[in-house]
Amino acid sequence: MASGRPDWYSSVSMHGKFDDKYIAVAVDTLGHMLAKMQGEKLDETLKTIAVDDDGIMKANLAVQTLPAMQVRPFYTELANLMIAKNCETGTLKLLTSHSGQGIILGGYISTDESVSMSAAKVMLVIDNKEVFDHSFASLEAFGLTSFDIYPVALSKYDDTGFVYCVTFAPLFTYEFSFQFYFYQATGVTRAVTGIIFRADVPS
């Protein structure tokens, strides 16, 4: 029984087996158990697991075999690109563009004219790849009016009052650039307006 302790206290000597020898388990001055952690390499040699100055164990995730790893990037403040362009017939008109790495956080492109523009197209190119190229009429024909079914939605289609608008879901990521275009094969020069929200990953 330990001296100076109540009757229900007892002293115990803990040993661990290393090879064929039993060695007493070490503790620090506060009685905390000490341990030396090691890992076995492919060549069956043991390497001591490293910790930093705070005793936190290090890990190199880059060399691990993981089925998937999700990393949320840090974005800069929200920025917007205003669109106000006159688009001529038969010309692929650049509405707005941006260079950098980040995410498109939504927006819209619309037009309001005195003649039908149902055949006019809105195009989106990301990292030199065309990801969207549809006319107002095709969006209407396929019923693409909600983000539940398509990441670009036709929010206004009035072929009597000639008001049209497409909106973009906040999910398009870009590695180095994106561009929005407008094209109409026939008709008259018309005004196209809109706004695109985006946020970059700091370089």
# chains A, B, ... in the order shown; residues from 1 in each chain; ligands from 1
>>> residues_around(residues="Glu77 (chain A)", least_positions_apart="3", cutoff="10 Å", atoms="only C-alpha atoms", output="list in words")
Phe74, Arg198, Ala199, Asp200, Val201 and Pro202 of chain A
>>> write_last_selection(atoms="N, CA and C atoms", output="mmCIF file, in the first residue's frame")
data_model
loop_
_atom_site.group_PDB
_atom_site.id
_atom_site.type_symbol
_atom_site.label_atom_id
_atom_site.label_comp_id
_atom_site.auth_asym_id
_atom_site.auth_seq_id
_atom_site.Cartn_x
_atom_site.Cartn_y
_atom_site.Cartn_z
ATOM 1 N N PHE A 74 -9.811 29.639 -49.775
ATOM 2 C CA PHE A 74 -10.111 30.959 -49.248
ATOM 3 C C PHE A 74 -10.288 31.919 -50.414
ATOM 4 N N ARG A 198 -18.349 37.433 -58.843
ATOM 5 C CA ARG A 198 -17.267 36.446 -58.814
ATOM 6 C C ARG A 198 -16.355 36.737 -57.609
ATOM 7 N N ALA A 199 -15.592 35.711 -57.214
ATOM 8 C CA ALA A 199 -14.599 35.836 -56.149
ATOM 9 C C ALA A 199 -13.392 35.002 -56.522
ATOM 10 N N ASP A 200 -12.204 35.565 -56.375
ATOM 11 C CA ASP A 200 -10.968 34.878 -56.741
ATOM 12 C C ASP A 200 -10.324 34.201 -55.544
ATOM 13 N N VAL A 201 -9.506 33.203 -55.840
ATOM 14 C CA VAL A 201 -8.603 32.634 -54.848
ATOM 15 C C VAL A 201 -7.356 33.506 -54.829
ATOM 16 N N PRO A 202 -6.909 33.983 -53.657
ATOM 17 C CA PRO A 202 -5.727 34.858 -53.616
ATOM 18 C C PRO A 202 -4.516 34.182 -54.240
#
>>> residues_around(residues="Tyr181 (chain A)", least_positions_apart="5", cutoff="6 Å", atoms="only C-alpha atoms", output="ChimeraX atom specification")
/A:93-95,122-123
>>> write_last_selection(atoms="C-alpha atoms", output="PDB file, in the first residue's frame")
ATOM      1  CA  LYS A  93     -19.938  40.291 -78.858  1.00  0.00           C
ATOM      2  CA  LEU A  94     -17.772  39.974 -75.750  1.00  0.00           C
ATOM      3  CA  LEU A  95     -19.916  41.135 -72.829  1.00  0.00           C
ATOM      4  CA  VAL A 122     -25.749  33.833 -74.566  1.00  0.00           C
ATOM      5  CA  MET A 123     -22.414  31.999 -74.319  1.00  0.00           C
TER       6      MET A 123
END
>>> closest_residue(among="A:Thr145, A:Thr76, A:Thr189, A:Thr167", to="Ile109 (chain A)", atoms="only C-alpha atoms")
A:Thr167
>>> atom_distance(atom1="CA of Ala153 (chain A)", atom2="CA of Glu140 (chain A)")
9.3 Å
>>> residues_around(residues="Ser13 (chain A)", least_positions_apart="2", cutoff="12 Å", atoms="only C-alpha atoms", output="number ranges by chain")
A: 10-11, 15-16, 22-27
>>> select_by_dssp(residues="region 85-203 of chain A", states="strand (DSSP E)", output="VMD selection string")
chain A and resid 85 to 87 93 to 99 102 to 112 121 to 126 129 to 135 152 to 158 163 to 168 172 to 174 177 to 183 190 to 200
>>> residues_around(residues="Ser138 (chain A)", least_positions_apart="5", cutoff="9 Å", atoms="only C-alpha atoms", output="short mmCIF file (atom, residue, chain, number, x, y, z; two decimals) with C-alpha atoms, in the first residue's frame")
data_model
loop_
_atom_site.label_atom_id
_atom_site.label_comp_id
_atom_site.auth_asym_id
_atom_site.auth_seq_id
_atom_site.Cartn_x
_atom_site.Cartn_y
_atom_site.Cartn_z
CA SER A 118 -35.76 34.67 -78.99
CA ALA A 119 -33.05 33.31 -81.32
CA GLY A 143 -38.17 24.23 -69.88
CA LEU A 144 -34.82 25.20 -68.37
#
>>> residues_around(residues="Asp112 (chain A)", least_positions_apart="3", cutoff="10 Å", atoms="only C-alpha atoms", output="JSON, numbers by chain")
{"A": [115, 116, 117, 158, 161, 162, 163, 164, 165, 190, 191, 192, 193]}
>>> select_by_dssp(residues="region 15-159 of chain A", states="helix (DSSP H, G or I)", output="list in words")
Leu61, Ala62, Val63, Phe136, Ala137, Ser138, Leu139, Glu140 and Ala141 of chain A
>>> closest_residue(among="A:Phe147, A:Phe168, A:Phe18, A:Phe142", to="Leu124 (chain A)", atoms="only C-alpha atoms")
A:Phe168
>>> residues_around(residues="region 50-53 of chain A", least_positions_apart="6", cutoff="10 Å", atoms="only C-alpha atoms", output="PyMOL selection string")
chain A and resi 36-38+59
>>> residues_around(residues="Tyr183 (chain A)", least_positions_apart="3", cutoff="6 Å", atoms="only C-alpha atoms", output="list in words")
Leu92, Ala120 and Lys121 of chain A
>>> write_last_selection(atoms="N, CA and C atoms", output="PDB file, in the first residue's frame")
ATOM      1  N   LEU A  92     -20.211  38.199 -82.837  1.00  0.00           N
ATOM      2  CA  LEU A  92     -20.067  37.584 -81.515  1.00  0.00           C
ATOM      3  C   LEU A  92     -19.485  38.643 -80.588  1.00  0.00           C
ATOM      4  N   ALA A 120     -31.565  34.882 -80.160  1.00  0.00           N
ATOM      5  CA  ALA A 120     -30.264  35.376 -79.711  1.00  0.00           C
ATOM      6  C   ALA A 120     -29.658  34.417 -78.690  1.00  0.00           C
ATOM      7  N   LYS A 121     -28.331  34.341 -78.671  1.00  0.00           N
ATOM      8  CA  LYS A 121     -27.621  33.390 -77.816  1.00  0.00           C
ATOM      9  C   LYS A 121     -26.784  34.089 -76.754  1.00  0.00           C
TER      10      LYS A 121
END
